[in-house]
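Asks: My file is my_file31.txt. It has compact mmCIF, C-alpha atoms:
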# COMPACT_ATOMS: atom_id res chain seq x y z
CA MET A 1 20.68 12.23 57.48
CA LYS A 2 17.28 10.59 58.00
CA TYR A 3 16.26 13.51 60.23
CA LYS A 4 17.19 16.07 57.54
CA PHE A 5 15.29 14.09 54.91
CA LEU A 6 12.21 13.98 57.16
CA LEU A 7 12.32 17.77 57.68
CA LEU A 8 12.71 18.33 53.93
CA THR A 9 9.74 16.07 53.18
CA LEU A 10 7.56 17.83 55.74
CA TRP A 11 8.53 21.28 54.38
CA LEU A 12 7.78 20.33 50.77
CA THR A 13 4.46 18.86 51.86
CA PHE A 14 3.57 22.03 53.77
CA ILE A 15 4.25 24.45 50.90
CA SER A 16 2.30 22.24 48.47
CA ILE A 17 -0.90 22.36 50.53
CA PRO A 18 -3.17 25.03 49.02
CA SER A 19 -4.29 27.83 51.33
CA PRO A 20 -7.92 27.77 52.38
CA GLN A 21 -9.94 29.68 49.80
CA ALA A 22 -12.68 32.03 50.90
CA ALA A 23 -16.10 31.43 49.43
CA ALA A 24 -17.03 33.61 46.47
CA PRO A 25 -19.35 36.48 47.40
CA ASP A 26 -23.06 36.07 46.76
CA VAL A 27 -24.17 38.52 44.04
CA THR A 28 -27.55 39.27 42.49
CA ALA A 29 -25.92 39.79 39.09
CA ASP A 30 -27.17 37.23 36.61
CA ALA A 31 -23.70 37.01 35.08
CA ALA A 32 -20.30 38.05 36.40
CA VAL A 33 -16.59 37.40 35.92
CA ILE A 34 -13.27 38.35 37.46
CA MET A 35 -10.37 38.60 35.00
CA ASP A 36 -6.67 38.98 35.66
CA ALA A 37 -5.88 41.93 33.37
CA GLY A 38 -2.25 40.88 33.16
CA ASP A 39 -2.72 37.54 31.43
CA GLY A 40 -6.45 37.40 30.65
CA ARG A 41 -7.19 34.51 33.02
CA PHE A 42 -10.69 34.23 34.45
CA LEU A 43 -10.42 33.83 38.21
CA TYR A 44 -14.18 33.55 38.79
CA GLU A 45 -17.26 33.11 36.63
CA LYS A 46 -20.99 33.11 37.13
CA ASN A 47 -22.79 32.44 33.84
CA GLY A 48 -19.81 33.94 32.07
CA THR A 49 -20.95 32.89 28.59
CA LYS A 50 -24.66 33.60 29.04
CA ARG A 51 -26.13 36.09 26.56
CA GLU A 52 -27.10 39.36 28.25
CA TYR A 53 -27.90 42.95 27.32
CA PRO A 54 -24.68 44.95 27.82
CA ALA A 55 -26.42 48.34 28.18
CA SER A 56 -23.95 51.25 28.19
CA MET A 57 -20.93 48.99 28.60
CA THR A 58 -21.37 48.97 24.82
CA LYS A 59 -19.77 52.42 24.84
CA MET A 60 -16.40 50.82 25.61
CA MET A 61 -16.36 49.61 22.01
CA THR A 62 -17.69 52.94 20.70
CA CYS A 63 -14.96 54.84 22.53
CA LEU A 64 -12.23 52.43 21.45
CA LEU A 65 -13.16 52.71 17.76
CA SER A 66 -13.43 56.49 17.99
CA ILE A 67 -9.92 56.67 19.45
CA GLU A 68 -8.50 54.28 16.87
CA LYS A 69 -10.31 55.64 13.79
CA GLY A 70 -11.10 59.28 14.56
CA ASP A 71 -9.31 62.60 15.03
CA PRO A 72 -9.87 63.87 18.60
CA TYR A 73 -9.45 67.49 17.47
CA LYS A 74 -12.01 67.32 14.67
CA THR A 75 -15.07 69.51 15.23
CA VAL A 76 -18.31 67.51 15.21
CA THR A 77 -21.70 69.01 14.48
CA VAL A 78 -24.35 67.28 16.57
CA SER A 79 -27.11 65.95 14.32
CA ARG A 80 -30.79 66.14 15.13
CA LYS A 81 -30.82 62.33 15.31
CA ALA A 82 -28.09 62.30 17.96
CA ALA A 83 -29.81 65.07 19.95
CA ASP A 84 -33.12 63.19 19.93
CA VAL A 85 -31.68 60.06 21.55
CA VAL A 86 -32.96 59.39 25.08
CA SER A 87 -30.59 60.36 27.94
CA THR A 88 -28.38 62.96 26.29
CA ALA A 89 -27.16 66.43 27.20
CA LEU A 90 -26.65 67.35 23.54
CA ASN A 91 -28.72 69.66 21.36
CA GLY A 92 -28.89 69.59 17.59
CA GLY A 93 -26.47 71.92 15.81
CA GLU A 94 -23.95 72.17 18.68
CA TRP A 95 -20.24 71.98 17.89
CA LEU A 96 -17.61 70.22 19.97
CA SER A 97 -14.52 68.13 19.37
CA LEU A 98 -14.61 64.38 18.89
CA GLY A 99 -12.31 64.00 21.90
CA ASP A 100 -14.70 65.93 24.12
CA LEU A 101 -17.58 63.78 22.84
CA GLU A 102 -15.65 60.68 23.89
CA ASN A 103 -15.19 62.06 27.40
CA GLN A 104 -18.83 63.11 27.72
CA MET A 105 -20.04 59.74 26.46
CA MET A 106 -17.91 57.69 28.84
CA MET A 107 -18.13 59.86 31.94
CA ILE A 108 -21.88 60.56 32.07
CA SER A 109 -22.93 57.75 29.71
CA ASP A 110 -24.38 60.19 27.17
CA ASN A 111 -26.34 58.19 24.57
CA GLY A 112 -26.50 61.05 22.09
CA ALA A 113 -22.73 61.46 22.24
CA ALA A 114 -22.35 57.79 21.27
CA THR A 115 -24.65 58.33 18.28
CA ALA A 116 -22.78 61.49 17.23
CA ILE A 117 -19.46 59.62 17.44
CA ALA A 118 -20.78 56.74 15.34
CA GLU A 119 -22.09 59.12 12.67
CA ASN A 120 -18.79 60.99 12.57
CA VAL A 121 -16.49 57.96 12.47
CA ALA A 122 -18.45 55.75 10.06
CA GLY A 123 -20.94 58.09 8.35
CA ASN A 124 -24.01 56.31 9.70
CA LEU A 125 -25.07 53.95 12.48
CA PRO A 126 -25.32 50.69 10.46
CA ALA A 127 -21.81 51.19 9.11
CA PHE A 128 -20.49 51.84 12.62
CA ALA A 129 -22.23 48.72 13.94
CA ASP A 130 -20.41 46.74 11.25
CA MET A 131 -17.13 48.23 12.49
CA MET A 132 -18.05 47.27 16.05
CA ASN A 133 -18.74 43.66 15.09
CA GLU A 134 -15.54 43.41 13.06
CA LYS A 135 -13.55 44.65 16.06
CA ALA A 136 -15.39 42.26 18.37
CA GLU A 137 -14.36 39.37 16.15
CA GLU A 138 -10.77 40.59 16.14
CA ILE A 139 -10.71 40.70 19.95
CA GLY A 140 -12.23 37.22 20.22
CA MET A 141 -15.69 38.22 21.44
CA LYS A 142 -17.52 35.18 20.08
CA GLY A 143 -20.77 35.69 22.00
CA THR A 144 -21.36 39.33 21.05
CA HIS A 145 -23.36 41.20 18.43
CA PHE A 146 -23.81 44.97 18.22
CA VAL A 147 -26.50 46.94 16.39
CA ASN A 148 -26.08 50.38 18.00
CA ALA A 149 -23.38 52.55 19.53
CA ASN A 150 -24.94 53.27 22.93
CA GLY A 151 -26.36 49.96 24.20
CA MET A 152 -30.07 50.76 24.07
CA PRO A 153 -32.09 47.50 24.30
CA ASP A 154 -32.43 45.48 21.12
CA GLU A 155 -32.87 41.71 20.76
CA ASP A 156 -29.96 41.62 18.31
CA HIS A 157 -27.65 43.64 20.57
CA TYR A 158 -26.10 41.32 23.13
CA SER A 159 -22.90 40.13 24.75
CA THR A 160 -21.56 38.01 27.60
CA ALA A 161 -19.66 38.78 30.79
CA GLU A 162 -16.59 37.02 29.39
CA ASP A 163 -16.70 39.06 26.18
CA MET A 164 -17.16 42.35 28.03
CA ALA A 165 -14.06 41.50 30.06
CA ARG A 166 -12.11 40.77 26.89
CA LEU A 167 -13.19 44.11 25.46
CA ALA A 168 -12.32 45.95 28.67
CA ARG A 169 -8.86 44.37 28.85
CA TYR A 170 -8.13 45.21 25.22
CA ALA A 171 -9.37 48.78 25.53
CA MET A 172 -7.48 49.45 28.77
CA GLU A 173 -4.23 48.82 26.90
CA ASN A 174 -4.96 52.08 25.04
CA LYS A 175 -3.54 55.01 27.03
CA THR A 176 -6.20 57.47 25.86
CA PHE A 177 -9.03 55.10 26.73
CA ARG A 178 -7.50 54.40 30.15
CA ARG A 179 -7.16 58.12 30.87
CA ILE A 180 -10.78 58.83 29.93
CA VAL A 181 -12.33 56.06 32.05
CA SER A 182 -10.24 56.92 35.11
CA THR A 183 -11.10 60.64 35.04
CA LYS A 184 -13.45 61.70 37.83
CA ARG A 185 -14.30 65.20 36.66
CA LYS A 186 -13.73 67.09 33.41
CA GLN A 187 -14.84 70.27 31.74
CA ILE A 188 -16.15 69.82 28.20
CA ARG A 189 -15.66 72.82 25.94
CA TYR A 190 -18.49 73.47 23.51
CA ILE A 191 -17.40 75.49 20.47
CA ARG A 192 -20.90 76.57 19.44
CA PRO A 193 -22.48 77.89 21.51
CA ALA A 194 -19.31 78.77 23.42
CA GLU A 195 -19.80 77.28 26.87
CA ILE A 196 -18.33 74.87 29.40
CA PHE A 197 -20.12 71.70 30.49
CA THR A 198 -18.75 69.85 33.52
CA CYS A 199 -18.92 66.06 33.54
CA GLN A 200 -18.78 64.02 36.75
CA ASN A 201 -17.94 60.35 36.21
CA SER A 202 -20.90 58.06 36.96
CA ASN A 203 -18.65 55.22 38.16
CA GLU A 204 -18.96 55.39 41.94
CA LEU A 205 -16.03 53.03 42.50
CA LEU A 206 -13.64 55.73 41.30
CA TYR A 207 -14.52 57.62 44.49
CA THR A 208 -15.01 54.76 46.94
CA TYR A 209 -12.78 51.81 45.97
CA PRO A 210 -9.02 52.13 46.65
CA GLY A 211 -7.02 51.68 43.47
CA ALA A 212 -10.01 51.88 41.10
CA THR A 213 -8.98 52.61 37.50
CA GLY A 214 -12.33 52.52 35.59
CA ILE A 215 -14.23 51.52 33.52
CA LYS A 216 -17.90 51.86 32.45
CA THR A 217 -21.37 51.84 33.98
CA GLY A 218 -24.53 50.57 32.31
CA TYR A 219 -28.21 50.37 33.12
CA THR A 220 -31.54 49.82 31.39
CA ARG A 221 -34.66 48.08 32.65
CA ALA A 222 -33.95 45.20 30.31
CA ALA A 223 -30.26 44.93 31.20
CA GLY A 224 -30.51 45.69 34.91
CA GLY A 225 -27.43 47.06 36.65
CA CYS A 226 -24.23 46.55 34.66
CA LEU A 227 -20.66 47.55 35.39
CA ALA A 228 -17.20 47.02 33.97
CA ALA A 229 -14.88 47.78 36.89
CA SER A 230 -11.12 47.66 37.28
CA ALA A 231 -8.67 48.27 40.09
CA VAL A 232 -4.99 47.90 40.90
CA ARG A 233 -3.53 46.47 44.11
CA ASN A 234 0.14 45.65 44.66
CA ASN A 235 0.82 46.40 40.98
CA HIS A 236 -1.78 43.83 39.94
CA GLU A 237 -4.86 44.88 37.97
CA LEU A 238 -8.17 43.03 37.93
CA ILE A 239 -11.24 43.54 35.74
CA VAL A 240 -14.72 42.68 37.01
CA ILE A 241 -17.90 42.52 34.94
CA VAL A 242 -21.38 42.34 36.45
CA MET A 243 -24.44 42.05 34.21
CA HIS A 244 -28.11 42.25 35.21
CA SER A 245 -27.48 43.12 38.83
CA ARG A 246 -30.57 43.89 40.86
CA ASP A 247 -30.44 47.66 40.48
CA MET A 248 -28.22 50.68 39.84
CA ASP A 249 -26.68 50.59 43.34
CA SER A 250 -26.08 46.86 43.73
CA ARG A 251 -23.78 46.77 40.69
CA PHE A 252 -21.20 48.89 42.53
CA ALA A 253 -21.36 46.95 45.80
CA GLU A 254 -21.19 43.61 44.01
CA ALA A 255 -18.29 44.66 41.78
CA ALA A 256 -16.40 45.84 44.87
CA LYS A 257 -16.97 42.48 46.59
CA LEU A 258 -15.75 40.63 43.50
CA LEU A 259 -12.66 42.82 43.26
CA ASP A 260 -11.86 42.10 46.92
CA TYR A 261 -12.38 38.38 46.30
CA GLY A 262 -10.21 38.45 43.20
CA PHE A 263 -7.34 40.20 44.96
CA GLU A 264 -7.61 37.68 47.79
CA LEU A 265 -7.26 34.86 45.26
CA ILE A 266 -4.22 36.53 43.70
CA GLU A 267 -2.57 37.03 47.09
CA LYS A 268 -2.94 33.32 47.89
CA GLU A 269 -1.42 32.14 44.62
CA PRO A 270 2.06 30.61 44.97
CA SER A 271 4.75 33.16 44.18
CA PRO A 272 7.42 32.41 41.56
CA GLN A 273 10.05 32.77 44.28
CA LYS A 274 8.43 30.00 46.37
CA GLU A 275 8.14 27.71 43.36
CA LYS A 276 11.82 28.25 42.48
CA ALA A 277 12.86 27.55 46.09
CA ALA A 278 10.85 24.34 46.16
CA ALA A 279 12.35 23.21 42.88
CA LYS A 280 15.91 23.78 44.15
CA VAL A 281 15.32 21.94 47.43
CA GLY A 282 13.76 18.98 45.64
CA ARG A 283 16.78 18.35 43.42
Show me the file's structure as C-alpha cells.
Replies:
Amino acid sequence: MKYKFLLLTLWLTFISIPSPQAAAPDVTADAAVIMDAGDGRFLYEKNGTKREYPASMTKMMTCLLSIEKGDPYKTVTVSRKAADVVSTALNGGEWLSLGDLENQMMMISDNGAATAIAENVAGNLPAFADMMNEKAEEIGMKGTHFVNANGMPDEDHYSTAEDMARLARYAMENKTFRRIVSTKRKQIRYIRPAEIFTCQNSNELLYTYPGATGIKTGYTRAAGGCLAASAVRNNHELIVIVMHSRDMDSRFAEAAKLLDYGFELIEKEPSPQKEKAAAKVGR
C-alpha cells in the first residue's frame, strides 16, 4: 500500500512540473503581442499597451465597417479626393463595386480605396472616423483613436499592439472579412472603364508560413514595419501583431518567429484530459 502511494505521489508531482519554456524570440518590433484567437488571451507581450502608429493595419477597421454597413454590390464612383491619395491604383471617375474596393484595399493596401470606401459608407471622412472610433470603443480598444481610413501618419491617429489584436480577433469572426484577408490573388472587375485589375496579396506569410490565414500589412516611415498575422495549427488559431519593426521585411520574419513561439507555448499547455486524469487519481 505504501509503495502504491509513493508511486502515485511521484506521478502527481511529475505531471505538475511545468515543461521548460523556450525563450521568446528577439524582435526589433517596438511593440508586439501574441493572442490566442480562441479565448482572447495574450500569450506574449512586448510593450503591448504602448501607443504606436498602426499604419495600414487601420484598414482592418475600414474593411470591417464597410462589410457591416455597406452593400458589396453597390457601384462606387471614385472621387478625385480618393484618386489623389498617395499609394493608390485608382483614378477619379472610375466605377467599381464596394466589395471589389474592399478586396483591393486589403490585398494591395490601396489607400485611395480606403478613402473611397469611407466616403461611400459614411458620406465623408470625418463621419467615417467617428464610426471607426465608436466601433473601437465597442470592441474594447481603449488605447486607440482614428482620424482617417487608411492609416496615413497623424499624431491623433494611433493604437496599441493589444488593441490591434482585439480588432483582428473581432474582424476574423466575420466570414467575409476572413475570406478577403486570406485570399492570395483576385481579379478586380472595373465597371467603367471596363477592365480587369489583378491584385496579389501583400502579406508574404500567406505564401511562406504553413497555416497562415491573414491578416493585414502596414508600413510608413513613421510607423515602421507593421503586421497583423494569423495562422492555424492543430485546429488552434493565433494572432500576432508587430508594430514599428525595423523595416518592411523584418515584420514578416518576426511575426513568423512569434507565431512559432506561440504555438510552442500552446503545445506545452496542460491538456484538459491530463487535468481530468490527475483530478481522478487524487481523489
Asks: Show me as a compact mmCIF listing (two decimals) with C-alpha atoms, in the frame of the given file the residues that reach within 8 Å of (-12.2, 63.9, 15.9), counting only C-alpha atoms and using the file's own coordinates.
Replies:
# COMPACT_ATOMS: atom_id res chain seq x y z
CA SER A 66 -13.43 56.49 17.99
CA GLY A 70 -11.10 59.28 14.56
CA ASP A 71 -9.31 62.60 15.03
CA PRO A 72 -9.87 63.87 18.60
CA TYR A 73 -9.45 67.49 17.47
CA LYS A 74 -12.01 67.32 14.67
CA THR A 75 -15.07 69.51 15.23
CA VAL A 76 -18.31 67.51 15.21
CA SER A 97 -14.52 68.13 19.37
CA LEU A 98 -14.61 64.38 18.89
CA GLY A 99 -12.31 64.00 21.90
CA ASN A 120 -18.79 60.99 12.57
Asks: For Ala116 of chain A, which residue out of A:Thr183, A:Thr77, A:Thr176, A:Ser202 is the nearest one, using only C-alpha atoms?
Replies: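 Closest residue, counting only C-alpha atoms: A:Thr77.
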Asks: List every protein, DNA or RNA residue that has an atom no more than 12 Å from (-6.6, 57.7, 37.7) in the file's coordinate frame, counting only C-alpha atoms, and report them as a list in words.
Replies: Lys175, Thr176, Phe177, Arg178, Arg179, Ile180, Val181, Ser182, Thr183, Lys184, Arg185, Asn201, Leu205, Leu206, Tyr207, Tyr209, Pro210, Gly211, Ala212, Thr213, Gly214, Ile215, Ser230, Ala231 and Val232 of chain A
Asks: Just checking: using all atoms listed in the file, which residue out of A:Pro126, A:Gly112, A:Gly151, A:Gly143 ends up closest to Ala83 of chain A?
Replies: A:Gly112
Asks: Quick one: distance from atom CA of His145 of chain A to atom CA of Asp84 of chain A in Å, one decimal?
Replies: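 Here the two named atoms are 24.1 Å from each other.
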Asks: Quick one, how far is atom CA of Arg251 of chain A from atom CA of Leu227 of chain A?
Replies: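 Spanning atom CA of Arg251 of chain A to atom CA of Leu227 of chain A is a straight-line distance of 6.2 Å.
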Asks: Which distance in Å separates atom CA of Glu52 of chain A and atom CA of Ala31 of chain A, to one decimal?
Replies: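 Taking atom CA of Glu52 of chain A as the start and atom CA of Ala31 of chain A as the end point, the length is 8.0 Å.
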Asks: For a quick check of understanding, using all atoms listed in the file, which of A:Ala194, A:Ala149, A:Met60, A:Met107 has the smallest distance to Phe128 of chain A?
Replies: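 Residue with the minimum atom-to-atom distance to Phe128 of chain A: A:Ala149.
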Asks: Which segment 83-136 of chain A residues have any atom within 7 Å of an atom of segment 53-59 of chain A, and for each, what is the nearest pair of atoms with distance in Å to one decimal, counting all atoms listed in the file, rows sorted by chain and number, as a Markdown table?
Replies:
| residue | atom | partner | partner_atom | distance |
| --- | --- | --- | --- | --- |
| A:Met106 | CA | A:Lys59 | CA | 6.9 |
| A:Ser109 | CA | A:Ser56 | CA | 6.8 |
| A:Ala114 | CA | A:Lys59 | CA | 6.9 |
Asks: Pick the closest to Val85 of chain A from A:Asp30, A:Ala24, A:Glu68, A:Asn148: which is it, counting all atoms listed in the file?
Replies: A:Asn148
Asks: Of the candidates A:Leu65, A:Ala255, A:Ala29, A:Cys199, which one gets nearest to Leu238 of chain A if we count only C-alpha atoms?
Replies: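 Of A:Leu65, A:Ala255, A:Ala29, A:Cys199, the one nearest Leu238 of chain A, counting only C-alpha atoms, is A:Ala255.
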Asks: For each of A:Ser79, A:Asn103, A:Thr208, A:Thr49, take the minimum atom-to-atom distance to Met141 of chain A, counting all atoms listed in the file, then give the residue where this is smallest.
Replies: A:Thr49
Asks: Draw an axis-aligned box tight on the listed atoms of segment 181-196 of chain A, then pad every side by 4 Å and write out centre and edge lengths in Å to one decimal as JSON.
Replies:
{"center_x": -16.4, "center_y": 67.4, "center_z": 28.6, "size_x": 20.2, "size_y": 30.7, "size_z": 26.4}
Asks: Could you complete segment 245-275 of chain A so that it carries N, CA and C atoms, and give it back as a PDB file, in the frame of the given file?
Replies:
ATOM      1  N   SER A 245     -27.391  43.013  37.372  1.00  0.00           N
ATOM      2  CA  SER A 245     -27.480  43.120  38.830  1.00  0.00           C
ATOM      3  C   SER A 245     -28.848  43.683  39.185  1.00  0.00           C
ATOM      4  N   ARG A 246     -29.210  43.561  40.442  1.00  0.00           N
ATOM      5  CA  ARG A 246     -30.570  43.890  40.860  1.00  0.00           C
ATOM      6  C   ARG A 246     -30.985  45.315  40.513  1.00  0.00           C
ATOM      7  N   ASP A 247     -30.078  46.265  40.741  1.00  0.00           N
ATOM      8  CA  ASP A 247     -30.440  47.660  40.480  1.00  0.00           C
ATOM      9  C   ASP A 247     -29.178  48.480  40.244  1.00  0.00           C
ATOM     10  N   MET A 248     -29.331  49.806  40.162  1.00  0.00           N
ATOM     11  CA  MET A 248     -28.220  50.680  39.840  1.00  0.00           C
ATOM     12  C   MET A 248     -27.182  50.744  40.963  1.00  0.00           C
ATOM     13  N   ASP A 249     -27.604  50.531  42.205  1.00  0.00           N
ATOM     14  CA  ASP A 249     -26.680  50.590  43.340  1.00  0.00           C
ATOM     15  C   ASP A 249     -25.958  49.272  43.574  1.00  0.00           C
ATOM     16  N   SER A 250     -26.669  48.167  43.428  1.00  0.00           N
ATOM     17  CA  SER A 250     -26.080  46.860  43.730  1.00  0.00           C
ATOM     18  C   SER A 250     -24.894  46.543  42.827  1.00  0.00           C
ATOM     19  N   ARG A 251     -24.883  47.060  41.608  1.00  0.00           N
ATOM     20  CA  ARG A 251     -23.780  46.770  40.690  1.00  0.00           C
ATOM     21  C   ARG A 251     -22.441  47.239  41.260  1.00  0.00           C
ATOM     22  N   PHE A 252     -22.445  48.371  41.951  1.00  0.00           N
ATOM     23  CA  PHE A 252     -21.200  48.890  42.530  1.00  0.00           C
ATOM     24  C   PHE A 252     -20.757  48.047  43.723  1.00  0.00           C
ATOM     25  N   ALA A 253     -21.689  47.740  44.610  1.00  0.00           N
ATOM     26  CA  ALA A 253     -21.360  46.950  45.800  1.00  0.00           C
ATOM     27  C   ALA A 253     -20.890  45.550  45.403  1.00  0.00           C
ATOM     28  N   GLU A 254     -21.540  44.970  44.420  1.00  0.00           N
ATOM     29  CA  GLU A 254     -21.190  43.610  44.010  1.00  0.00           C
ATOM     30  C   GLU A 254     -19.855  43.585  43.280  1.00  0.00           C
ATOM     31  N   ALA A 255     -19.593  44.593  42.461  1.00  0.00           N
ATOM     32  CA  ALA A 255     -18.290  44.660  41.780  1.00  0.00           C
ATOM     33  C   ALA A 255     -17.168  44.833  42.800  1.00  0.00           C
ATOM     34  N   ALA A 256     -17.408  45.640  43.830  1.00  0.00           N
ATOM     35  CA  ALA A 256     -16.400  45.840  44.870  1.00  0.00           C
ATOM     36  C   ALA A 256     -16.106  44.531  45.599  1.00  0.00           C
ATOM     37  N   LYS A 257     -17.155  43.777  45.919  1.00  0.00           N
ATOM     38  CA  LYS A 257     -16.970  42.480  46.590  1.00  0.00           C
ATOM     39  C   LYS A 257     -16.170  41.527  45.711  1.00  0.00           C
ATOM     40  N   LEU A 258     -16.457  41.528  44.421  1.00  0.00           N
ATOM     41  CA  LEU A 258     -15.750  40.630  43.500  1.00  0.00           C
ATOM     42  C   LEU A 258     -14.294  41.055  43.333  1.00  0.00           C
ATOM     43  N   LEU A 259     -14.042  42.354  43.314  1.00  0.00           N
ATOM     44  CA  LEU A 259     -12.660  42.820  43.260  1.00  0.00           C
ATOM     45  C   LEU A 259     -11.895  42.378  44.504  1.00  0.00           C
ATOM     46  N   ASP A 260     -12.499  42.543  45.673  1.00  0.00           N
ATOM     47  CA  ASP A 260     -11.860  42.100  46.920  1.00  0.00           C
ATOM     48  C   ASP A 260     -11.556  40.597  46.863  1.00  0.00           C
ATOM     49  N   TYR A 261     -12.536  39.838  46.393  1.00  0.00           N
ATOM     50  CA  TYR A 261     -12.380  38.380  46.300  1.00  0.00           C
ATOM     51  C   TYR A 261     -11.262  38.026  45.311  1.00  0.00           C
ATOM     52  N   GLY A 262     -11.239  38.710  44.193  1.00  0.00           N
ATOM     53  CA  GLY A 262     -10.210  38.450  43.200  1.00  0.00           C
ATOM     54  C   GLY A 262      -8.812  38.746  43.712  1.00  0.00           C
ATOM     55  N   PHE A 263      -8.657  39.870  44.403  1.00  0.00           N
ATOM     56  CA  PHE A 263      -7.340  40.200  44.960  1.00  0.00           C
ATOM     57  C   PHE A 263      -6.938  39.194  46.043  1.00  0.00           C
ATOM     58  N   GLU A 264      -7.909  38.692  46.781  1.00  0.00           N
ATOM     59  CA  GLU A 264      -7.610  37.680  47.790  1.00  0.00           C
ATOM     60  C   GLU A 264      -7.097  36.402  47.118  1.00  0.00           C
ATOM     61  N   LEU A 265      -7.717  36.035  45.999  1.00  0.00           N
ATOM     62  CA  LEU A 265      -7.260  34.860  45.260  1.00  0.00           C
ATOM     63  C   LEU A 265      -5.831  35.048  44.746  1.00  0.00           C
ATOM     64  N   ILE A 266      -5.556  36.247  44.231  1.00  0.00           N
ATOM     65  CA  ILE A 266      -4.220  36.530  43.700  1.00  0.00           C
ATOM     66  C   ILE A 266      -3.173  36.460  44.810  1.00  0.00           C
ATOM     67  N   GLU A 267      -3.509  37.012  45.967  1.00  0.00           N
ATOM     68  CA  GLU A 267      -2.570  37.030  47.090  1.00  0.00           C
ATOM     69  C   GLU A 267      -2.228  35.622  47.565  1.00  0.00           C
ATOM     70  N   LYS A 268      -3.159  34.686  47.412  1.00  0.00           N
ATOM     71  CA  LYS A 268      -2.940  33.320  47.890  1.00  0.00           C
ATOM     72  C   LYS A 268      -2.283  32.416  46.851  1.00  0.00           C
ATOM     73  N   GLU A 269      -2.089  32.944  45.641  1.00  0.00           N
ATOM     74  CA  GLU A 269      -1.420  32.140  44.620  1.00  0.00           C
ATOM     75  C   GLU A 269       0.049  31.973  44.978  1.00  0.00           C
ATOM     76  N   PRO A 270       0.634  30.803  44.695  1.00  0.00           N
ATOM     77  CA  PRO A 270       2.060  30.610  44.970  1.00  0.00           C
ATOM     78  C   PRO A 270       2.889  31.620  44.192  1.00  0.00           C
ATOM     79  N   SER A 271       3.883  32.193  44.858  1.00  0.00           N
ATOM     80  CA  SER A 271       4.750  33.160  44.180  1.00  0.00           C
ATOM     81  C   SER A 271       5.814  32.426  43.391  1.00  0.00           C
ATOM     82  N   PRO A 272       6.334  33.035  42.325  1.00  0.00           N
ATOM     83  CA  PRO A 272       7.420  32.410  41.560  1.00  0.00           C
ATOM     84  C   PRO A 272       8.639  32.109  42.424  1.00  0.00           C
ATOM     85  N   GLN A 273       8.897  32.981  43.416  1.00  0.00           N
ATOM     86  CA  GLN A 273      10.050  32.770  44.280  1.00  0.00           C
ATOM     87  C   GLN A 273       9.903  31.476  45.089  1.00  0.00           C
ATOM     88  N   LYS A 274       8.661  31.217  45.601  1.00  0.00           N
ATOM     89  CA  LYS A 274       8.430  30.000  46.370  1.00  0.00           C
ATOM     90  C   LYS A 274       8.565  28.763  45.501  1.00  0.00           C
ATOM     91  N   GLU A 275       8.071  28.852  44.267  1.00  0.00           N
ATOM     92  CA  GLU A 275       8.140  27.710  43.360  1.00  0.00           C
ATOM     93  C   GLU A 275       9.604  27.396  43.019  1.00  0.00           C
TER      94      GLU A 275
END
